[in-house]
>>> print(open('data_11.txt').read())   # compact mmCIF, C-alpha atoms
# COMPACT_ATOMS: atom_id res chain seq x y z
CA MET A 1 -36.82 -15.36 50.89
CA ARG A 2 -37.58 -16.95 54.26
CA ILE A 3 -36.61 -15.26 57.52
CA GLY A 4 -33.75 -17.75 57.96
CA GLU A 5 -32.13 -16.67 54.73
CA LEU A 6 -32.67 -12.98 55.54
CA SER A 7 -30.85 -13.67 58.81
CA ARG A 8 -27.95 -15.45 57.06
CA ARG A 9 -27.60 -12.69 54.47
CA THR A 10 -27.55 -9.82 56.96
CA GLY A 11 -25.93 -11.46 59.98
CA VAL A 12 -28.91 -10.39 62.13
CA SER A 13 -30.40 -13.18 64.26
CA VAL A 14 -33.99 -14.34 63.66
CA PRO A 15 -35.22 -13.20 67.11
CA THR A 16 -33.71 -9.74 66.50
CA ILE A 17 -35.43 -9.51 63.09
CA LYS A 18 -38.73 -10.41 64.73
CA PHE A 19 -38.09 -7.81 67.42
CA TYR A 20 -37.50 -5.11 64.78
CA VAL A 21 -40.78 -6.08 63.07
CA ARG A 22 -42.67 -5.86 66.40
CA GLU A 23 -41.10 -2.45 67.09
CA GLY A 24 -42.21 -1.21 63.67
CA LEU A 25 -38.66 -0.62 62.39
CA LEU A 26 -38.98 -3.31 59.72
CA PRO A 27 -42.17 -4.03 57.72
CA ALA A 28 -43.60 -7.49 58.30
CA GLY A 29 -42.91 -10.09 55.62
CA GLU A 30 -45.63 -11.07 53.16
CA LEU A 31 -47.59 -14.06 54.49
CA THR A 32 -47.30 -17.00 52.10
CA SER A 33 -49.04 -19.41 54.48
CA PRO A 34 -50.61 -18.96 57.94
CA ASN A 35 -47.24 -19.30 59.67
CA GLN A 36 -44.71 -18.47 56.98
CA ALA A 37 -43.69 -15.06 55.69
CA SER A 38 -41.58 -14.04 52.71
CA TYR A 39 -39.04 -11.23 52.77
CA GLY A 40 -37.56 -9.26 49.86
CA ASP A 41 -34.59 -7.09 48.93
CA GLY A 42 -36.27 -4.12 50.59
CA HIS A 43 -36.20 -5.94 53.93
CA GLU A 44 -32.56 -6.82 53.48
CA ARG A 45 -31.57 -3.24 52.74
CA ARG A 46 -33.66 -1.83 55.55
CA LEU A 47 -32.00 -4.26 58.00
CA ARG A 48 -28.54 -3.16 56.89
CA LEU A 49 -29.57 0.46 57.32
CA ILE A 50 -30.82 -0.21 60.87
CA ARG A 51 -27.55 -1.97 61.73
CA ALA A 52 -25.55 0.91 60.29
CA MET A 53 -27.48 3.47 62.31
CA LEU A 54 -26.91 1.39 65.44
CA GLY A 55 -23.26 0.65 64.75
CA VAL A 56 -21.79 3.58 62.83
CA GLY A 57 -24.21 6.27 63.94
CA GLY A 58 -24.50 5.01 67.53
CA LEU A 59 -28.20 5.94 67.47
CA SER A 60 -30.81 4.57 69.87
CA LEU A 61 -33.64 2.37 68.59
CA ALA A 62 -36.11 5.16 69.43
CA ARG A 63 -34.20 7.62 67.28
CA ILE A 64 -33.86 5.12 64.46
CA GLY A 65 -37.63 4.66 64.59
CA GLU A 66 -38.13 8.44 64.19
CA ILE A 67 -35.77 8.59 61.21
CA LEU A 68 -37.39 5.63 59.45
CA ALA A 69 -40.84 7.18 60.03
CA VAL A 70 -39.61 10.29 58.19
CA VAL A 71 -38.11 8.21 55.39
CA ASP A 72 -41.37 6.25 55.00
CA ASP A 73 -43.70 9.26 55.08
CA THR A 74 -44.42 9.79 51.38
CA SER A 75 -46.64 12.85 51.96
CA GLN A 76 -43.76 15.27 52.52
CA PRO A 77 -41.65 17.13 49.96
CA VAL A 78 -38.09 15.83 49.60
CA PHE A 79 -36.51 19.07 50.81
CA LYS A 80 -38.32 18.96 54.13
CA LEU A 81 -37.62 15.28 54.60
CA MET A 82 -33.93 15.67 53.93
CA GLY A 83 -33.69 18.47 56.47
CA GLU A 84 -35.45 16.35 59.08
CA VAL A 85 -33.36 13.28 58.38
CA ALA A 86 -30.15 15.30 58.49
CA GLY A 87 -31.22 17.01 61.71
CA THR A 88 -32.02 13.71 63.39
CA VAL A 89 -28.90 11.89 62.27
CA ALA A 90 -26.49 14.71 62.99
CA ALA A 91 -27.89 16.96 65.71
CA PRO A 92 -26.27 20.39 66.08
CA SER A 93 -23.12 20.08 68.17
CA LEU A 94 -23.68 21.06 71.76
CA VAL A 95 -20.98 23.68 72.07
CA GLY A 96 -21.56 25.96 75.03
CA SER A 97 -25.08 25.87 76.38
CA GLY A 98 -25.26 29.60 77.14
CA GLU A 99 -26.41 32.44 74.93
CA PRO A 100 -24.17 33.33 71.99
CA SER A 101 -22.46 36.73 72.21
CA ASP A 102 -23.67 39.60 70.03
CA ALA A 103 -20.38 39.58 68.15
CA ALA A 104 -20.77 35.86 67.37
CA ARG A 105 -24.35 36.33 66.18
CA GLU A 106 -23.24 39.16 63.93
CA SER A 107 -20.42 37.04 62.50
CA VAL A 108 -22.90 34.30 61.59
CA ALA A 109 -25.41 36.74 60.07
CA ALA A 110 -22.66 38.44 58.06
CA LEU A 111 -21.36 35.07 56.84
CA GLY A 112 -24.88 34.09 55.78
CA GLU A 113 -25.21 37.32 53.83
CA ARG A 114 -21.85 36.95 52.14
CA ARG A 115 -22.73 33.44 50.98
CA GLY A 116 -26.42 33.98 50.27
CA TRP A 117 -27.46 31.46 52.91
CA HIS A 118 -30.82 31.32 54.71
CA VAL A 119 -29.71 31.47 58.35
CA PRO A 120 -32.35 33.57 60.15
CA PRO A 121 -31.97 34.20 63.91
CA GLY A 122 -33.00 31.06 65.78
CA HIS A 123 -31.77 28.69 63.04
CA PRO A 124 -30.49 25.66 65.03
CA ASP A 125 -27.26 25.26 63.09
CA GLY A 126 -26.68 29.02 62.92
CA ASP A 127 -27.13 29.20 66.69
CA ALA A 128 -24.80 26.26 67.27
CA LEU A 129 -22.20 28.00 65.13
CA ALA A 130 -22.61 31.25 67.10
CA ARG A 131 -22.15 29.32 70.36
CA THR A 132 -18.94 27.77 69.04
CA LEU A 133 -17.63 31.22 68.13
CA THR A 134 -18.63 32.49 71.58
CA GLU A 135 -16.63 29.68 73.16
CA ALA A 136 -13.63 30.69 71.04
CA GLU A 137 -13.98 34.27 72.32
CA ARG A 138 -14.07 33.05 75.92
CA LEU A 139 -10.85 31.13 75.31
CA GLY A 140 -9.16 34.24 73.91
CA HIS A 141 -9.28 32.87 70.36
CA GLU A 142 -11.86 35.24 68.89
CA ASP A 143 -9.61 35.64 65.85
CA PHE A 144 -10.31 32.01 64.93
CA ALA A 145 -13.44 33.48 63.27
CA VAL A 146 -11.18 34.57 60.37
CA ALA A 147 -11.25 30.89 59.33
CA LEU A 148 -15.04 31.03 58.86
CA ASP A 149 -15.07 31.76 55.14
CA ALA A 150 -12.54 29.07 54.28
CA TYR A 151 -14.54 26.59 56.38
CA ALA A 152 -17.80 27.66 54.73
CA GLU A 153 -16.32 27.24 51.27
CA ALA A 154 -15.11 23.76 52.22
CA ALA A 155 -18.55 22.91 53.62
CA GLU A 156 -20.16 23.95 50.33
CA LYS A 157 -17.76 21.71 48.43
CA VAL A 158 -18.67 18.76 50.65
CA ALA A 159 -22.40 19.51 50.37
CA GLU A 160 -22.16 19.65 46.58
CA ALA A 161 -20.44 16.27 46.52
CA ASP A 162 -23.09 14.82 48.86
CA LEU A 163 -25.99 16.12 46.84
CA SER A 164 -24.48 15.13 43.54
CA TYR A 165 -24.14 11.58 44.90
CA VAL A 166 -27.62 11.51 46.39
CA ARG A 167 -29.20 12.90 43.21
CA GLY A 168 -27.76 10.08 41.17
CA LEU A 169 -29.62 7.58 43.34
CA GLY A 170 -32.89 8.44 41.62
CA ALA A 171 -35.87 7.07 43.52
CA ARG A 172 -37.16 8.84 46.61
CA ASP A 173 -36.50 5.96 49.04
CA ASP A 174 -32.98 5.54 47.79
CA VAL A 175 -32.36 9.27 48.04
CA LEU A 176 -33.44 9.42 51.68
CA GLU A 177 -31.50 6.30 52.58
CA GLY A 178 -28.51 7.89 50.85
CA VAL A 179 -28.90 10.98 53.02
CA VAL A 180 -28.85 8.88 56.19
CA VAL A 181 -25.80 6.93 55.07
CA GLY A 182 -24.08 10.03 53.71
CA MET A 183 -24.57 12.08 56.88
CA MET A 184 -23.19 9.31 59.08
CA LEU A 185 -20.33 8.11 56.92
CA GLY A 186 -19.60 11.55 55.48
CA ASP A 187 -18.90 12.98 58.94
CA ALA A 188 -16.49 10.13 59.74
CA MET A 189 -14.88 10.41 56.30
CA PHE A 190 -14.32 14.15 56.62
CA GLY A 191 -12.91 13.77 60.14
CA SER A 192 -10.23 11.36 58.94
CA LEU A 193 -9.39 13.48 55.91
CA ARG A 194 -9.17 16.64 57.98
CA ARG A 195 -6.61 15.05 60.31
CA ILE A 196 -4.55 13.74 57.40
CA ALA A 197 -4.63 17.14 55.67
CA GLN A 198 -3.64 18.89 58.89
CA ALA A 199 -0.66 16.60 59.36
CA GLU A 200 0.40 17.26 55.75
CA GLU A 201 0.03 21.00 56.15
CA THR A 202 1.86 20.94 59.49
CA GLY A 203 4.71 18.95 57.95
CA ARG A 204 4.90 21.40 55.06
CA ILE A 205 5.15 24.40 57.38
CA TYR A 206 7.05 23.12 60.41
CA GLY A 207 8.98 20.28 58.81
CA ARG A 208 8.45 16.61 59.52
CA GLY A 209 11.41 16.07 61.83
CA GLU A 210 13.33 12.79 61.52
CA GLY A 211 11.67 9.51 60.88
CA ALA A 212 8.32 10.99 59.82
CA MET B 1 -2.96 37.47 91.76
CA ARG B 2 -4.22 35.46 94.74
CA ILE B 3 -6.11 32.19 94.26
CA GLY B 4 -9.40 33.95 95.15
CA GLU B 5 -9.04 36.36 92.26
CA LEU B 6 -8.04 33.56 89.87
CA SER B 7 -11.25 31.80 90.94
CA ARG B 8 -13.37 34.92 90.37
CA ARG B 9 -11.82 35.58 86.96
CA THR B 10 -12.29 32.05 85.64
CA GLY B 11 -15.44 30.96 87.45
CA VAL B 12 -13.59 27.90 88.77
CA SER B 13 -13.95 27.33 92.53
CA VAL B 14 -10.91 27.50 94.84
CA PRO B 15 -11.14 23.80 95.87
CA THR B 16 -11.29 22.81 92.17
CA ILE B 17 -8.23 24.94 91.38
CA LYS B 18 -6.36 23.25 94.25
CA PHE B 19 -7.49 19.86 92.97
CA TYR B 20 -6.12 20.65 89.47
CA VAL B 21 -2.78 21.65 91.03
CA ARG B 22 -2.61 18.40 93.04
CA GLU B 23 -3.44 16.41 89.90
CA GLY B 24 -0.63 18.15 88.03
CA LEU B 25 -2.93 19.78 85.44
CA LEU B 26 -2.11 23.29 86.66
CA PRO B 27 1.34 24.43 87.83
CA ALA B 28 1.46 25.48 91.47
CA GLY B 29 1.44 29.22 92.16
CA GLU B 30 4.63 30.98 93.19
CA LEU B 31 4.96 31.05 96.97
CA THR B 32 5.07 34.61 98.25
CA SER B 33 4.89 33.61 101.92
CA PRO B 34 4.79 30.19 103.64
CA ASN B 35 1.04 29.87 103.09
CA GLN B 36 0.27 32.20 100.22
CA ALA B 37 0.83 31.67 96.50
CA SER B 38 0.62 34.03 93.57
CA TYR B 39 -0.89 33.11 90.20
CA GLY B 40 -0.33 34.75 86.82
CA ASP B 41 -1.93 35.07 83.38
CA GLY B 42 -0.53 31.69 82.40
CA HIS B 43 -2.53 30.06 85.18
CA GLU B 44 -5.67 31.85 84.08
CA ARG B 45 -5.32 30.73 80.47
CA ARG B 46 -4.43 27.18 81.43
CA LEU B 47 -7.56 27.00 83.61
CA ARG B 48 -9.76 28.18 80.73
CA LEU B 49 -8.18 25.60 78.47
CA ILE B 50 -8.87 22.81 80.99
CA ARG B 51 -12.50 23.94 81.30
CA ALA B 52 -12.86 24.03 77.51
CA MET B 53 -11.47 20.53 77.13
CA LEU B 54 -13.88 19.32 79.81
CA GLY B 55 -16.89 21.21 78.48
CA VAL B 56 -16.55 21.51 74.71
CA GLY B 57 -14.32 18.53 74.10
CA GLY B 58 -16.00 16.29 76.68
CA LEU B 59 -12.57 14.87 77.57
CA SER B 60 -11.75 13.04 80.79
CA LEU B 61 -9.31 14.53 83.30
CA ALA B 62 -6.88 11.69 82.54
CA ARG B 63 -6.91 12.54 78.84
CA ILE B 64 -6.56 16.26 79.54
CA GLY B 65 -3.51 15.43 81.65
CA GLU B 66 -1.95 13.55 78.72
CA ILE B 67 -2.58 16.43 76.33
CA LEU B 68 -1.15 19.03 78.69
CA ALA B 69 1.93 16.84 79.25
CA VAL B 70 2.49 16.92 75.48
CA VAL B 71 1.95 20.69 75.33
CA ASP B 72 4.43 21.22 78.19
CA ASP B 73 7.15 18.91 76.87
CA THR B 74 9.56 21.38 75.30
CA SER B 75 11.98 18.68 74.10
CA GLN B 76 9.86 17.63 71.12
CA PRO B 77 9.67 19.20 67.66
CA VAL B 78 6.48 21.11 66.95
CA PHE B 79 5.39 18.78 64.14
CA LYS B 80 5.42 15.74 66.39
CA LEU B 81 3.66 17.57 69.17
CA MET B 82 0.91 18.82 66.92
CA GLY B 83 0.26 15.34 65.63
CA GLU B 84 0.07 13.95 69.14
CA VAL B 85 -2.18 16.74 70.37
CA ALA B 86 -4.47 16.37 67.36
CA GLY B 87 -4.58 12.59 67.79
CA THR B 88 -5.47 12.86 71.46
CA VAL B 89 -8.12 15.55 71.05
CA ALA B 90 -9.80 14.01 68.02
CA ALA B 91 -9.24 10.28 67.94
CA PRO B 92 -9.92 8.51 64.63
CA SER B 93 -13.63 7.84 64.29
CA LEU B 94 -14.52 4.28 65.22
CA VAL B 95 -16.31 3.32 62.03
CA GLY B 96 -16.57 -0.42 61.66
CA SER B 97 -14.22 -2.37 63.87
CA GLY B 98 -13.45 -5.07 61.30
CA GLU B 99 -10.74 -5.16 58.67
CA PRO B 100 -11.09 -2.73 55.77
CA SER B 101 -11.78 -4.34 52.38
CA ASP B 102 -9.04 -4.51 49.75
CA ALA B 103 -11.00 -2.13 47.52
CA ALA B 104 -11.27 0.42 50.34
CA ARG B 105 -7.54 0.19 51.11
CA GLU B 106 -6.75 0.71 47.45
CA SER B 107 -9.06 3.74 47.29
CA VAL B 108 -7.23 5.33 50.22
CA ALA B 109 -3.79 4.53 48.79
CA ALA B 110 -4.79 5.92 45.39
CA LEU B 111 -6.20 9.07 46.98
CA GLY B 112 -2.97 9.56 48.93
CA GLU B 113 -0.98 9.24 45.73
CA ARG B 114 -3.20 11.66 43.81
CA ARG B 115 -2.82 14.28 46.54
CA GLY B 116 0.80 13.61 47.48
CA TRP B 117 -0.14 12.62 51.05
CA HIS B 118 1.89 10.41 53.40
CA VAL B 119 -0.68 7.71 54.23
CA PRO B 120 1.30 4.46 54.49
CA PRO B 121 -0.56 1.22 55.32
CA GLY B 122 -1.35 1.21 59.05
CA HIS B 123 -1.74 4.99 59.28
CA PRO B 124 -4.49 5.38 61.91
CA ASP B 125 -6.50 7.99 59.99
CA GLY B 126 -5.97 6.21 56.68
CA ASP B 127 -7.22 2.99 58.25
CA ALA B 128 -10.24 4.74 59.77
CA LEU B 129 -11.03 6.15 56.34
CA ALA B 130 -10.75 2.71 54.74
CA ARG B 131 -13.10 1.27 57.38
CA THR B 132 -15.65 4.01 56.64
CA LEU B 133 -15.48 3.16 52.93
CA THR B 134 -15.86 -0.53 53.76
CA GLU B 135 -19.00 0.27 55.73
CA ALA B 136 -20.35 2.20 52.72
CA GLU B 137 -19.71 -0.88 50.55
CA ARG B 138 -21.57 -3.11 52.99
CA LEU B 139 -24.53 -0.75 52.83
CA GLY B 140 -24.56 -0.91 49.03
CA HIS B 141 -23.19 2.63 48.74
CA GLU B 142 -19.72 1.83 47.43
CA ASP B 143 -20.16 4.62 44.87
CA PHE B 144 -20.07 7.15 47.69
CA ALA B 145 -16.29 6.86 47.26
CA VAL B 146 -16.62 9.16 44.22
CA ALA B 147 -17.04 11.98 46.74
CA LEU B 148 -13.56 11.30 48.16
CA ASP B 149 -11.65 13.86 46.09
CA ALA B 150 -14.12 16.67 46.76
CA TYR B 151 -13.99 15.83 50.48
CA ALA B 152 -10.18 15.73 50.43
CA GLU B 153 -10.00 19.10 48.69
CA ALA B 154 -12.36 20.56 51.30
CA ALA B 155 -10.27 19.03 54.11
CA GLU B 156 -7.14 20.66 52.67
CA LYS B 157 -8.90 24.02 52.60
CA VAL B 158 -9.88 23.64 56.26
CA ALA B 159 -6.38 22.49 57.25
CA GLU B 160 -4.83 25.49 55.49
CA ALA B 161 -7.16 27.84 57.37
CA ASP B 162 -6.32 26.10 60.68
CA LEU B 163 -2.59 26.24 60.13
CA SER B 164 -2.64 29.81 58.91
CA TYR B 165 -4.45 30.76 62.13
CA VAL B 166 -2.15 28.72 64.36
CA ARG B 167 0.97 30.09 62.66
CA GLY B 168 -0.07 33.63 63.44
CA LEU B 169 -0.06 32.81 67.15
CA GLY B 170 3.72 32.86 67.25
CA ALA B 171 5.06 31.34 70.46
CA ARG B 172 5.23 27.56 70.88
CA ASP B 173 2.84 27.38 73.86
CA ASP B 174 0.28 29.52 72.09
CA VAL B 175 0.58 27.42 68.94
CA LEU B 176 -0.09 24.17 70.78
CA GLU B 177 -2.95 25.66 72.75
CA GLY B 178 -4.33 26.93 69.45
CA VAL B 179 -4.18 23.40 68.03
CA VAL B 180 -6.18 22.04 70.96
CA VAL B 181 -8.79 24.79 70.69
CA GLY B 182 -8.88 24.61 66.91
CA MET B 183 -9.35 20.84 66.77
CA MET B 184 -12.23 20.97 69.23
CA LEU B 185 -14.00 24.08 68.04
CA GLY B 186 -13.12 23.53 64.37
CA ASP B 187 -14.91 20.18 64.32
CA ALA B 188 -18.06 21.72 65.81
CA MET B 189 -17.82 24.71 63.46
CA PHE B 190 -17.46 22.55 60.37
CA GLY B 191 -20.36 20.32 61.45
CA SER B 192 -22.72 23.29 61.67
CA LEU B 193 -21.53 24.75 58.38
CA ARG B 194 -21.84 21.41 56.61
CA ARG B 195 -25.49 21.08 57.65
CA ILE B 196 -26.28 24.66 56.58
CA ALA B 197 -24.57 24.16 53.23
CA GLN B 198 -26.40 20.88 52.68
CA ALA B 199 -29.76 22.51 53.34
CA GLU B 200 -28.87 25.30 50.89
CA GLU B 201 -27.78 22.84 48.23
CA THR B 202 -30.86 20.68 48.79
CA GLY B 203 -33.12 23.72 48.47
CA ARG B 204 -31.34 24.72 45.28
CA ILE B 205 -31.84 21.31 43.70
CA TYR B 206 -35.15 20.08 45.09
CA GLY B 207 -36.81 23.41 45.82
CA ARG B 208 -37.59 24.71 49.29
CA GLY B 209 -41.31 23.91 49.36
CA GLU B 210 -43.63 26.46 50.94
CA GLY B 211 -42.76 28.38 54.05
CA ALA B 212 -39.07 27.59 53.91
>>> encode(input="data_11.txt", output="structure tokens")
Amino acid sequence: MRIGELSRRTGVSVPTIKFYVREGLLPAGELTSPNQASYGDGHERRLRLIRAMLGVGGLSLARIGEILAVVDDTSQPVFKLMGEVAGTVAAPSLVGSGEPSDAARESVAALGERRGWHVPPGHPDGDALARTLTEAERLGHEDFAVALDAYAEAAEKVAEADLSYVRGLGARDDVLEGVVVGMMLGDAMFGSLRRIAQAEETGRIYGRGEGA
Amino acid sequence: MRIGELSRRTGVSVPTIKFYVREGLLPAGELTSPNQASYGDGHERRLRLIRAMLGVGGLSLARIGEILAVVDDTSQPVFKLMGEVAGTVAAPSLVGSGEPSDAARESVAALGERRGWHVPPGHPDGDALARTLTEAERLGHEDFAVALDAYAEAAEKVAEADLSYVRGLGARDDVLEGVVVGMMLGDAMFGSLRRIAQAEETGRIYGRGEGA
């Protein structure tokens, strides 16, 4: 298709499409004459993905460029790529910038052992988790750590659903795109569901009051 | 205790403590002489909670004021309060500002029916969920909706763990404070665990490559 049709189909203006091509986010179209290029389904999908990362993910163009570079690098094994994509899309939450307490570190290590997880000291997500637990201690809620195993079990359930979806996508490009979409939309989806489930559970335990 | 000791214990400066009192975020101390006030454990805990909402939650002072007003309003039933606190701490994710598609609305309604949830049309979290699903459709990932039930089950598990923790806190003030802390720290905790679980599941399915 011509650039005009690509623009109509995706709702992205022609100058913006050209800008993305110049910035290396979108491959150039195939030249069909000295001043005319043709674009395909791949361009259309890539444009939608860029818009989603801007809109849903709230990512900067620089960060989007990094993610797409990872997606396009065919020299790396899928496992490594997925980790990098996931890490770039959803960076570890910045909870407490200080050092985690010893007790929090031990809780994380013990959890890893119970579940057979690879969370060596210095693991970014393991450290973020330890900092969250340290913050709970500081607030006098160190017992909140008793919820860890239930949370971990729920996280495994979500991860299984994610991977089972992504696996069904087949081709490598589709898989990595699915990881980007899944990390962004999955976080939003779980957030909504968690709030609904909490309201249900609260109503069950404390009653819904009138008019609920 | 005097204001100086409250400052030392919490790491919050005396002028900042006075500012919080003027703003109505912290109750004034009890006057023990015309120009001396005494502060108790309640003040200390309230200060830590304010700092946590600022630091971990990244909330504005105005929003913190609204949440504390809800926590302090003893005329409301606990169920209503918890909903309001949860809604203020963790607002529905802004995924797609447009109208949800009919298919997405139906998916949410059907999910609610399958799980026995109260998610009438217009429910803020139900709507946010429908908008997320609509975004997935737009990106050509409408099949991601198959993950909904697994996600919902995981969300119920997390909500049960939250409520079972909060219930154990006993008194009304402690319960509501626990909801604030739990919503903020629980989101961060689940985010870390989800990424760890995804890496584990990815490694299991695609192999870890060398050096992992």
>>> axis_aligned_box(input="data_11.txt", around="range 140-146 of chain B", padding_each_side="3 Å", output="JSON")
{"center_x": -20.4, "center_y": 4.1, "center_z": 46.6, "size_x": 14.3, "size_y": 16.1, "size_z": 10.8}
>>> residues_around(input="data_11.txt", residues="Arg46 in chain A", least_positions_apart="6", cutoff="10 Å", atoms="all atoms listed in the file", output="MDAnalysis selection string")
(chainID A and resid 25:27 52 68 177) or (chainID B and resid 139)
>>> residues_around(input="data_11.txt", residues="Leu61 in chain B", least_positions_apart="5", cutoff="10 Å", atoms="all atoms listed in the file", output="list in words")
Tyr20, Glu23, Leu25, Ile50, Met53, Leu54, Glu66 and Ile67 of chain B
>>> atom_distance(input="data_11.txt", atom1="CA of Gly178 in chain B", atom2="CA of Thr132 in chain A")
14.6 Å
>>> closest_residue(input="data_11.txt", among="A:Glu137, A:Glu106, A:Glu142, A:Asp125", to="chain B", atoms="all atoms listed in the file")
A:Asp125
>>> residues_near_point(input="data_11.txt", point="(-10.6, 36.0, 85.2)", cutoff="12 Å", atoms="all atoms listed in the file", output="PyMOL selection string")
(chain A and resi 138-140) or (chain B and resi 1-13+39-48)
>>> residues_near_point(input="data_11.txt", point="(-20.5, 4.9, 47.5)", cutoff="10 Å", atoms="only C-alpha atoms", output="NGL selection string")
(:A and (165-166 or 178 or 181-182 or 185)) or (:B and (133-148))
>>> closest_residue(input="data_11.txt", among="B:Ala103, B:Ala161, B:Ala171, B:Val70", to="chain A", atoms="all atoms listed in the file")
B:Ala161
